[in-house]
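Peer 1: So I've got this file, input03.pdb, and it contains PDB, C-alpha atoms:
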ATOM      1  CA  MET A  15     132.599 154.002  75.974
ATOM      2  CA  ARG A  16     134.625 152.844  72.972
ATOM      3  CA  VAL A  17     134.151 154.840  69.764
ATOM      4  CA  TYR A  18     135.806 154.500  66.375
ATOM      5  CA  VAL A  19     136.894 157.695  64.640
ATOM      6  CA  PRO A  20     137.364 157.587  60.843
ATOM      7  CA  LEU A  21     140.431 159.438  59.580
ATOM      8  CA  THR A  22     143.034 159.465  56.841
ATOM      9  CA  LEU A  23     146.775 159.269  57.417
ATOM     10  CA  SER A  24     146.998 163.055  56.981
ATOM     11  CA  GLY A  25     144.187 163.472  59.521
ATOM     12  CA  LEU A  26     146.035 161.183  61.925
ATOM     13  CA  ALA A  27     149.215 163.242  61.417
ATOM     14  CA  GLU A  28     147.276 166.412  62.267
ATOM     15  CA  ALA A  29     145.817 164.796  65.391
ATOM     16  CA  TYR A  30     149.310 163.718  66.420
ATOM     17  CA  LYS A  31     150.676 167.248  65.965
ATOM     18  CA  THR A  32     147.831 168.913  67.897
ATOM     19  CA  GLY A  33     147.465 166.149  70.474
ATOM     20  CA  GLU A  34     143.713 165.942  69.977
ATOM     21  CA  LEU A  35     141.034 164.533  67.725
ATOM     22  CA  GLY A  36     138.479 166.905  66.277
ATOM     23  CA  ALA A  37     137.660 170.456  67.123
ATOM     24  CA  GLY A  38     134.085 169.285  67.641
ATOM     25  CA  PRO A  39     131.575 168.307  66.788
ATOM     26  CA  PHE A  40     132.850 165.301  64.871
ATOM     27  CA  VAL A  41     131.451 161.944  63.800
ATOM     28  CA  ALA A  42     132.549 158.606  65.190
ATOM     29  CA  TYR A  43     130.993 155.133  65.316
ATOM     30  CA  ALA A  44     130.023 153.046  68.325
ATOM     31  CA  VAL A  45     127.758 150.237  69.447
ATOM     32  CA  THR A  46     124.418 152.064  69.399
ATOM     33  CA  PRO A  47     120.953 150.577  69.970
ATOM     34  CA  ALA A  48     120.281 150.794  66.220
ATOM     35  CA  LEU A  49     123.530 148.970  65.412
ATOM     36  CA  ARG A  50     122.597 146.248  67.922
ATOM     37  CA  GLU A  51     119.182 145.861  66.290
ATOM     38  CA  TRP A  52     120.633 145.797  62.765
ATOM     39  CA  TYR A  53     123.440 143.350  63.592
ATOM     40  CA  LEU A  54     121.246 141.032  65.671
ATOM     41  CA  SER A  55     123.965 140.028  68.103
ATOM     42  CA  ASP A  56     124.616 140.409  71.786
ATOM     43  CA  ASP A  57     128.317 139.615  71.422
ATOM     44  CA  ILE A  58     130.061 142.906  72.251
ATOM     45  CA  GLU A  59     133.195 141.965  70.297
ATOM     46  CA  GLU A  60     131.137 141.337  67.151
ATOM     47  CA  LEU A  61     129.248 144.589  67.666
ATOM     48  CA  GLU A  62     132.455 146.575  68.156
ATOM     49  CA  TYR A  63     133.855 144.977  65.003
ATOM     50  CA  ALA A  64     130.717 146.100  63.135
ATOM     51  CA  ALA A  65     131.205 149.654  64.469
ATOM     52  CA  LEU A  66     134.874 149.530  63.401
ATOM     53  CA  ASN A  67     133.796 148.471  59.883
ATOM     54  CA  ARG A  68     131.291 151.339  59.734
ATOM     55  CA  ALA A  69     134.134 153.723  60.629
ATOM     56  CA  ALA A  70     136.344 152.132  57.956
ATOM     57  CA  LEU A  71     133.665 152.884  55.350
ATOM     58  CA  ALA A  72     133.511 156.478  56.613
ATOM     59  CA  SER A  73     137.307 156.654  56.279
ATOM     60  CA  LEU A  74     136.934 155.483  52.674
ATOM     61  CA  ARG A  75     134.516 158.369  52.133
ATOM     62  CA  LEU A  76     137.122 160.784  53.506
ATOM     63  CA  LEU A  77     139.659 159.352  51.060
ATOM     64  CA  ALA A  78     137.222 159.857  48.178
ATOM     65  CA  LEU A  79     137.007 163.555  49.112
ATOM     66  CA  ASP A  80     140.785 164.003  49.272
ATOM     67  CA  PRO A  81     142.465 162.429  46.231
ATOM     68  CA  GLY A  82     145.884 163.712  47.323
ATOM     69  CA  THR A  83     146.130 161.684  50.522
ATOM     70  CA  VAL A  84     147.624 158.200  50.879
ATOM     71  CA  ARG A  85     144.968 155.616  50.034
ATOM     72  CA  ARG A  86     144.852 153.758  53.333
ATOM     73  CA  ARG A  87     141.821 153.739  55.626
ATOM     74  CA  VAL A  88     142.491 154.833  59.199
ATOM     75  CA  VAL A  89     140.306 154.336  62.281
ATOM     76  CA  VAL A  90     141.237 155.440  65.790
ATOM     77  CA  ALA A  91     139.711 153.426  68.640
ATOM     78  CA  LEU A  92     139.038 155.946  71.367
ATOM     79  CA  ASP A  93     137.656 155.743  74.879
ATOM     80  CA  VAL A  94     135.300 158.561  75.845
ATOM     81  CA  PRO A  95     133.152 159.041  78.966
ATOM     82  CA  GLU A  96     129.583 157.708  78.840
ATOM     83  CA  GLY A  97     127.343 160.379  77.372
ATOM     84  CA  ALA A  98     130.149 162.059  75.394
ATOM     85  CA  ALA A  99     129.095 160.247  72.212
ATOM     86  CA  VAL A 100     125.481 160.817  71.218
ATOM     87  CA  ALA A 101     123.505 159.083  68.472
ATOM     88  CA  ASP A 102     120.982 161.143  66.492
ATOM     89  CA  PRO A 103     117.607 159.585  67.370
ATOM     90  CA  ASP A 104     116.068 160.842  64.124
ATOM     91  CA  ARG A 105     118.614 158.921  62.044
ATOM     92  CA  GLY A 106     118.904 155.837  64.254
ATOM     93  CA  LEU A 107     117.598 153.285  61.760
ATOM     94  CA  ASP A 108     118.866 155.025  58.617
ATOM     95  CA  PRO A 109     121.145 152.399  57.022
ATOM     96  CA  GLY A 110     123.661 155.120  56.150
ATOM     97  CA  SER A 111     124.078 156.190  59.754
ATOM     98  CA  LEU A 112     124.031 152.904  61.689
ATOM     99  CA  GLY A 113     126.404 153.200  64.617
ATOM    100  CA  GLU A 114     127.052 156.887  63.961
ATOM    101  CA  VAL A 115     127.545 159.106  66.994
ATOM    102  CA  ARG A 116     128.524 162.743  67.447
ATOM    103  CA  ILE A 117     131.191 163.955  69.837
ATOM    104  CA  ASP A 118     130.770 167.634  70.664
ATOM    105  CA  GLY A 119     134.280 168.648  71.610
ATOM    106  CA  PRO A 120     137.906 167.761  71.070
ATOM    107  CA  VAL A 121     139.232 164.589  72.681
ATOM    108  CA  PRO A 122     142.894 164.181  73.654
ATOM    109  CA  LEU A 123     144.670 161.712  71.401
ATOM    110  CA  ALA A 124     146.043 160.259  74.649
ATOM    111  CA  LYS A 125     142.569 158.705  75.150
ATOM    112  CA  ALA A 126     143.140 156.537  72.060
ATOM    113  CA  ALA A 127     143.339 152.822  72.748
ATOM    114  CA  ALA A 128     144.660 151.794  69.319
ATOM    115  CA  VAL A 129     144.882 152.751  65.669
ATOM    116  CA  HIS A 130     143.669 150.564  62.809
ATOM    117  CA  VAL A 131     145.216 151.144  59.364
ATOM    118  CA  ASP A 132     145.202 149.372  56.008
ATOM    119  CA  SER A 133     148.338 147.506  54.991
ATOM    120  CA  ASP A 134     150.385 148.670  52.011
ATOM    121  CA  GLU A 135     148.946 145.740  50.048
ATOM    122  CA  ALA A 136     145.428 147.176  50.374
ATOM    123  CA  GLU A 137     146.234 150.504  48.707
ATOM    124  CA  ALA A 138     145.306 149.453  45.150
ATOM    125  CA  ASP A 139     141.920 148.082  46.225
ATOM    126  CA  VAL A 140     141.258 151.038  48.540
ATOM    127  CA  THR A 141     142.155 153.463  45.729
ATOM    128  CA  ALA A 142     139.768 151.700  43.363
ATOM    129  CA  ALA A 143     137.044 151.670  46.043
ATOM    130  CA  ALA A 144     137.437 155.391  46.766
ATOM    131  CA  ASP A 145     137.190 156.103  43.037
ATOM    132  CA  ALA A 146     134.060 153.930  42.677
ATOM    133  CA  LEU A 147     132.249 155.187  45.770
ATOM    134  CA  GLY A 148     130.188 157.853  43.996
ATOM    135  CA  ALA A 149     128.883 155.414  41.406
ATOM    136  CA  ALA A 150     128.183 152.807  44.103
ATOM    137  CA  ASP A 151     126.116 155.358  46.012
ATOM    138  CA  THR A 152     123.918 155.840  42.941
ATOM    139  CA  GLY A 153     123.188 152.115  42.667
ATOM    140  CA  ASP A 154     125.889 150.894  40.261
ATOM    141  CA  ASP A 155     126.329 147.221  41.196
ATOM    142  CA  ASP A 156     129.749 146.931  39.547
ATOM    143  CA  ALA A 157     130.992 149.940  41.492
ATOM    144  CA  GLN A 158     129.560 148.484  44.714
ATOM    145  CA  PHE A 159     131.509 145.290  44.030
ATOM    146  CA  VAL A 160     134.703 147.387  43.812
ATOM    147  CA  VAL A 161     133.846 149.208  47.064
ATOM    148  CA  ASP A 162     133.186 145.876  48.768
ATOM    149  CA  GLY A 163     136.648 144.768  47.636
ATOM    150  CA  ALA A 164     138.228 147.209  50.073
ATOM    151  CA  GLU A 165     136.326 145.516  52.884
ATOM    152  CA  ASP A 166     138.121 142.278  52.044
ATOM    153  CA  HIS A 167     141.219 143.839  53.629
ATOM    154  CA  GLU A 168     141.340 143.692  57.395
ATOM    155  CA  LEU A 169     142.651 146.826  59.063
ATOM    156  CA  LEU A 170     145.864 146.206  60.962
ATOM    157  CA  TRP A 171     146.095 147.008  64.678
ATOM    158  CA  PHE A 172     148.746 149.452  65.913
ATOM    159  CA  ALA A 173     149.541 150.666  69.414
ATOM    160  CA  THR A 174     149.251 154.411  69.898
ATOM    161  CA  GLN A 175     153.024 154.583  70.422
ATOM    162  CA  GLU A 176     153.361 153.618  66.757
ATOM    163  CA  ILE A 177     151.499 156.688  65.452
ATOM    164  CA  PRO A 178     154.709 158.662  64.718
ATOM    165  CA  ASN A 179     155.935 155.869  62.460
ATOM    166  CA  LEU A 180     152.541 155.535  60.754
ATOM    167  CA  VAL A 181     152.467 159.227  59.839
ATOM    168  CA  GLY A 182     156.152 159.473  58.886
ATOM    169  CA  LEU A 183     157.338 161.371  61.965
ATOM    170  CA  GLY A 184     159.166 158.486  63.635
ATOM    171  CA  ASP A 185     162.843 157.737  63.781
TER     172      ASP A 185
END
Will you turn the file into structure tokens for me?

Peer 2:
Amino acid sequence: MRVYVPLTLSGLAEAYKTGELGAGPFVAYAVTPALREWYLSDDIEELEYAALNRAALASLRLLALDPGTVRRRVVVALDVPEGAAVADPDRGLDPGSLGEVRIDGPVPLAKAAAVHVDSDEAEADVTAAADALGAADTGDDDAQFVVDGAEDHELLWFATQEIPNLVGLGD
């Protein structure tokens, strides 16, 4: 099963150093029944893209909590065994938790299929979005417009072999 784990660049650096994601339990995003119902599509690529975007928003939330980290959203695409990622049935249709799953234990970073990261050009918009997130959550339409601006930037795809360079540990 493919899941999408929201991180920051500092979180990715930590995962690279330890060789694993999360000490467990941790939140990721996947194609859940609720996400399928919300998105109204049977196209698995579209559904996985929707799950990736949900993880990107969660990464933005992590950035908002850590003003000292580089303002680039990070999502790790990870393959886990069926049943390792569990959706909370009580929150299934909650718009804030669509696609959210819980993974109970650490997962080797070697299980990662790819890493998705904002480009340098997105940093200004991502910074503004992280700063506006609190106001957007309280219903401020102008702040929501700023948050939506970060979504205009597509995350770039990187092979897992590129992680050292992404976190500043490469040659």

Peer 1: Can you check which parts of range 65-148 of chain A lie within 12 Å of range 172-177 of chain A? Per residue, the shortest pair of atoms and distance in Å to one decimal, counting only C-alpha atoms, sorted by chain and number, as a Markdown table.

Peer 2:
| residue | atom | partner | partner_atom | distance |
| --- | --- | --- | --- | --- |
| A:Val88 | CA | A:Phe172 | CA | 10.6 |
| A:Val89 | CA | A:Phe172 | CA | 10.4 |
| A:Val90 | CA | A:Thr174 | CA | 9.1 |
| A:Ala91 | CA | A:Thr174 | CA | 9.7 |
| A:Leu92 | CA | A:Thr174 | CA | 10.4 |
| A:Leu123 | CA | A:Thr174 | CA | 8.7 |
| A:Ala124 | CA | A:Thr174 | CA | 8.2 |
| A:Lys125 | CA | A:Thr174 | CA | 9.5 |
| A:Ala126 | CA | A:Thr174 | CA | 6.8 |
| A:Ala127 | CA | A:Thr174 | CA | 6.8 |
| A:Ala128 | CA | A:Ala173 | CA | 5.0 |
| A:Val129 | CA | A:Phe172 | CA | 5.1 |
| A:His130 | CA | A:Phe172 | CA | 6.1 |
| A:Val131 | CA | A:Phe172 | CA | 7.6 |
| A:Asp132 | CA | A:Phe172 | CA | 10.5 |
| A:Ser133 | CA | A:Phe172 | CA | 11.1 |

Peer 1: Store the residues picked out above in a file with C-alpha atoms, as an mmCIF file, keeping the file's coordinate frame.

Peer 2:
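Wrote it out as result.cif, contents follow:
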data_model
loop_
_atom_site.group_PDB
_atom_site.id
_atom_site.type_symbol
_atom_site.label_atom_id
_atom_site.label_comp_id
_atom_site.auth_asym_id
_atom_site.auth_seq_id
_atom_site.Cartn_x
_atom_site.Cartn_y
_atom_site.Cartn_z
ATOM 1 C CA VAL A 88 142.491 154.833 59.199
ATOM 2 C CA VAL A 89 140.306 154.336 62.281
ATOM 3 C CA VAL A 90 141.237 155.440 65.790
ATOM 4 C CA ALA A 91 139.711 153.426 68.640
ATOM 5 C CA LEU A 92 139.038 155.946 71.367
ATOM 6 C CA LEU A 123 144.670 161.712 71.401
ATOM 7 C CA ALA A 124 146.043 160.259 74.649
ATOM 8 C CA LYS A 125 142.569 158.705 75.150
ATOM 9 C CA ALA A 126 143.140 156.537 72.060
ATOM 10 C CA ALA A 127 143.339 152.822 72.748
ATOM 11 C CA ALA A 128 144.660 151.794 69.319
ATOM 12 C CA VAL A 129 144.882 152.751 65.669
ATOM 13 C CA HIS A 130 143.669 150.564 62.809
ATOM 14 C CA VAL A 131 145.216 151.144 59.364
ATOM 15 C CA ASP A 132 145.202 149.372 56.008
ATOM 16 C CA SER A 133 148.338 147.506 54.991
#

Peer 1: Mind pulling up the distance from CA of Glu135 in chain A to CA of Leu74 in chain A?

Peer 2: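 These atoms are spaced 15.7 Å apart.
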
Peer 1: Would you please work out which residue, of A:Val100, A:Val45, A:Ala27, A:Ala69, is nearest to Arg116 in chain A when using only C-alpha atoms?

Peer 2: A:Val100

Peer 1: For the point (134.9, 153.1, 45.9) in file coordinates, what residues are within 8 Å, counting only C-alpha atoms? Give the answer as an MDAnalysis selection string?

Peer 2: chainID A and resid 74 78 140:150 157:158 160:162 164

Peer 1: Would you write out those residues with C-alpha atoms, as a tab-separated table (two decimals), in the frame of the given file?

Peer 2:
chain	number	residue	atom	x	y	z
A	74	LEU	CA	136.93	155.48	52.67
A	78	ALA	CA	137.22	159.86	48.18
A	140	VAL	CA	141.26	151.04	48.54
A	141	THR	CA	142.16	153.46	45.73
A	142	ALA	CA	139.77	151.70	43.36
A	143	ALA	CA	137.04	151.67	46.04
A	144	ALA	CA	137.44	155.39	46.77
A	145	ASP	CA	137.19	156.10	43.04
A	146	ALA	CA	134.06	153.93	42.68
A	147	LEU	CA	132.25	155.19	45.77
A	148	GLY	CA	130.19	157.85	44.00
A	149	ALA	CA	128.88	155.41	41.41
A	150	ALA	CA	128.18	152.81	44.10
A	157	ALA	CA	130.99	149.94	41.49
A	158	GLN	CA	129.56	148.48	44.71
A	160	VAL	CA	134.70	147.39	43.81
A	161	VAL	CA	133.85	149.21	47.06
A	162	ASP	CA	133.19	145.88	48.77
A	164	ALA	CA	138.23	147.21	50.07

Peer 1: What would the selection look like, as a PDB file with C-alpha atoms, in the frame of the given file, if the PyMOL selection byres ((chain A and resi 66) around 10) were run on the coordinates I just shared?

Peer 2:
ATOM      1  CA  VAL A  17     134.151 154.840  69.764  1.00  0.00           C
ATOM      2  CA  TYR A  18     135.806 154.500  66.375  1.00  0.00           C
ATOM      3  CA  VAL A  19     136.894 157.695  64.640  1.00  0.00           C
ATOM      4  CA  PRO A  20     137.364 157.587  60.843  1.00  0.00           C
ATOM      5  CA  ALA A  42     132.549 158.606  65.190  1.00  0.00           C
ATOM      6  CA  TYR A  43     130.993 155.133  65.316  1.00  0.00           C
ATOM      7  CA  ALA A  44     130.023 153.046  68.325  1.00  0.00           C
ATOM      8  CA  VAL A  45     127.758 150.237  69.447  1.00  0.00           C
ATOM      9  CA  GLU A  60     131.137 141.337  67.151  1.00  0.00           C
ATOM     10  CA  LEU A  61     129.248 144.589  67.666  1.00  0.00           C
ATOM     11  CA  GLU A  62     132.455 146.575  68.156  1.00  0.00           C
ATOM     12  CA  TYR A  63     133.855 144.977  65.003  1.00  0.00           C
ATOM     13  CA  ALA A  64     130.717 146.100  63.135  1.00  0.00           C
ATOM     14  CA  ALA A  65     131.205 149.654  64.469  1.00  0.00           C
ATOM     15  CA  ASN A  67     133.796 148.471  59.883  1.00  0.00           C
ATOM     16  CA  ARG A  68     131.291 151.339  59.734  1.00  0.00           C
ATOM     17  CA  ALA A  69     134.134 153.723  60.629  1.00  0.00           C
ATOM     18  CA  ALA A  70     136.344 152.132  57.956  1.00  0.00           C
ATOM     19  CA  LEU A  71     133.665 152.884  55.350  1.00  0.00           C
ATOM     20  CA  ALA A  72     133.511 156.478  56.613  1.00  0.00           C
ATOM     21  CA  VAL A  89     140.306 154.336  62.281  1.00  0.00           C
ATOM     22  CA  VAL A  90     141.237 155.440  65.790  1.00  0.00           C
ATOM     23  CA  ALA A  91     139.711 153.426  68.640  1.00  0.00           C
ATOM     24  CA  GLY A 113     126.404 153.200  64.617  1.00  0.00           C
ATOM     25  CA  HIS A 130     143.669 150.564  62.809  1.00  0.00           C
ATOM     26  CA  LEU A 169     142.651 146.826  59.063  1.00  0.00           C
TER      27      LEU A 169
END

Peer 1: What gap, in Å, lies between CA of Thr22 in chain A and CA of Asn179 in chain A?

Peer 2: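 It comes out at 14.5 Å.
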
Peer 1: Could you get me a file of range 130-146 of chain A with N, CA, C and O atoms, as a PDB file, in the first residue's frame, taken from the block above?

Peer 2:
ATOM      1  N   HIS A 130       8.958  13.924  -2.449  1.00  0.00           N
ATOM      2  CA  HIS A 130       8.399  15.073  -3.154  1.00  0.00           C
ATOM      3  C   HIS A 130       8.700  16.315  -2.321  1.00  0.00           C
ATOM      4  O   HIS A 130       8.396  16.347  -1.130  1.00  0.00           O
ATOM      5  N   VAL A 131       9.304  17.329  -2.950  1.00  0.00           N
ATOM      6  CA  VAL A 131       9.748  18.527  -2.232  1.00  0.00           C
ATOM      7  C   VAL A 131       9.454  19.760  -3.089  1.00  0.00           C
ATOM      8  O   VAL A 131       9.571  19.718  -4.317  1.00  0.00           O
ATOM      9  N   ASP A 132       9.108  20.857  -2.405  1.00  0.00           N
ATOM     10  CA  ASP A 132       8.927  22.126  -3.110  1.00  0.00           C
ATOM     11  C   ASP A 132      10.229  22.583  -3.741  1.00  0.00           C
ATOM     12  O   ASP A 132      11.316  22.343  -3.212  1.00  0.00           O
ATOM     13  N   SER A 133      10.114  23.312  -4.841  1.00  0.00           N
ATOM     14  CA  SER A 133      11.274  23.943  -5.464  1.00  0.00           C
ATOM     15  C   SER A 133      11.666  25.174  -4.648  1.00  0.00           C
ATOM     16  O   SER A 133      10.886  25.670  -3.828  1.00  0.00           O
ATOM     17  N   ASP A 134      12.858  25.677  -4.901  1.00  0.00           N
ATOM     18  CA  ASP A 134      13.311  26.905  -4.239  1.00  0.00           C
ATOM     19  C   ASP A 134      12.349  28.056  -4.525  1.00  0.00           C
ATOM     20  O   ASP A 134      12.106  28.895  -3.666  1.00  0.00           O
ATOM     21  N   GLU A 135      11.794  28.085  -5.742  1.00  0.00           N
ATOM     22  CA  GLU A 135      10.910  29.171  -6.138  1.00  0.00           C
ATOM     23  C   GLU A 135       9.618  29.208  -5.333  1.00  0.00           C
ATOM     24  O   GLU A 135       8.931  30.225  -5.285  1.00  0.00           O
ATOM     25  N   ALA A 136       9.262  28.110  -4.697  1.00  0.00           N
ATOM     26  CA  ALA A 136       8.013  28.052  -3.924  1.00  0.00           C
ATOM     27  C   ALA A 136       8.168  28.598  -2.515  1.00  0.00           C
ATOM     28  O   ALA A 136       7.167  28.857  -1.848  1.00  0.00           O
ATOM     29  N   GLU A 137       9.395  28.791  -2.050  1.00  0.00           N
ATOM     30  CA  GLU A 137       9.619  29.132  -0.645  1.00  0.00           C
ATOM     31  C   GLU A 137       8.867  30.375  -0.182  1.00  0.00           C
ATOM     32  O   GLU A 137       8.312  30.385   0.923  1.00  0.00           O
ATOM     33  N   ALA A 138       8.816  31.430  -0.981  1.00  0.00           N
ATOM     34  CA  ALA A 138       8.123  32.649  -0.557  1.00  0.00           C
ATOM     35  C   ALA A 138       6.631  32.380  -0.357  1.00  0.00           C
ATOM     36  O   ALA A 138       6.047  32.798   0.655  1.00  0.00           O
ATOM     37  N   ASP A 139       6.014  31.677  -1.300  1.00  0.00           N
ATOM     38  CA  ASP A 139       4.588  31.377  -1.176  1.00  0.00           C
ATOM     39  C   ASP A 139       4.313  30.397  -0.042  1.00  0.00           C
ATOM     40  O   ASP A 139       3.307  30.511   0.669  1.00  0.00           O
ATOM     41  N   VAL A 140       5.197  29.428   0.142  1.00  0.00           N
ATOM     42  CA  VAL A 140       5.027  28.454   1.232  1.00  0.00           C
ATOM     43  C   VAL A 140       5.204  29.147   2.580  1.00  0.00           C
ATOM     44  O   VAL A 140       4.463  28.883   3.535  1.00  0.00           O
ATOM     45  N   THR A 141       6.157  30.068   2.672  1.00  0.00           N
ATOM     46  CA  THR A 141       6.355  30.834   3.907  1.00  0.00           C
ATOM     47  C   THR A 141       5.104  31.636   4.233  1.00  0.00           C
ATOM     48  O   THR A 141       4.607  31.623   5.370  1.00  0.00           O
ATOM     49  N   ALA A 142       4.571  32.326   3.238  1.00  0.00           N
ATOM     50  CA  ALA A 142       3.362  33.121   3.447  1.00  0.00           C
ATOM     51  C   ALA A 142       2.186  32.221   3.847  1.00  0.00           C
ATOM     52  O   ALA A 142       1.402  32.574   4.740  1.00  0.00           O
ATOM     53  N   ALA A 143       2.077  31.055   3.218  1.00  0.00           N
ATOM     54  CA  ALA A 143       0.989  30.126   3.533  1.00  0.00           C
ATOM     55  C   ALA A 143       1.107  29.590   4.960  1.00  0.00           C
ATOM     56  O   ALA A 143       0.103  29.506   5.684  1.00  0.00           O
ATOM     57  N   ALA A 144       2.325  29.246   5.374  1.00  0.00           N
ATOM     58  CA  ALA A 144       2.522  28.752   6.740  1.00  0.00           C
ATOM     59  C   ALA A 144       2.154  29.827   7.756  1.00  0.00           C
ATOM     60  O   ALA A 144       1.532  29.540   8.788  1.00  0.00           O
ATOM     61  N   ASP A 145       2.503  31.071   7.436  1.00  0.00           N
ATOM     62  CA  ASP A 145       2.179  32.189   8.333  1.00  0.00           C
ATOM     63  C   ASP A 145       0.675  32.463   8.388  1.00  0.00           C
ATOM     64  O   ASP A 145       0.165  32.927   9.409  1.00  0.00           O
ATOM     65  N   ALA A 146      -0.037  32.206   7.309  1.00  0.00           N
ATOM     66  CA  ALA A 146      -1.472  32.504   7.226  1.00  0.00           C
ATOM     67  C   ALA A 146      -2.358  31.341   7.664  1.00  0.00           C
ATOM     68  O   ALA A 146      -3.573  31.514   7.800  1.00  0.00           O
TER      69      ALA A 146
END
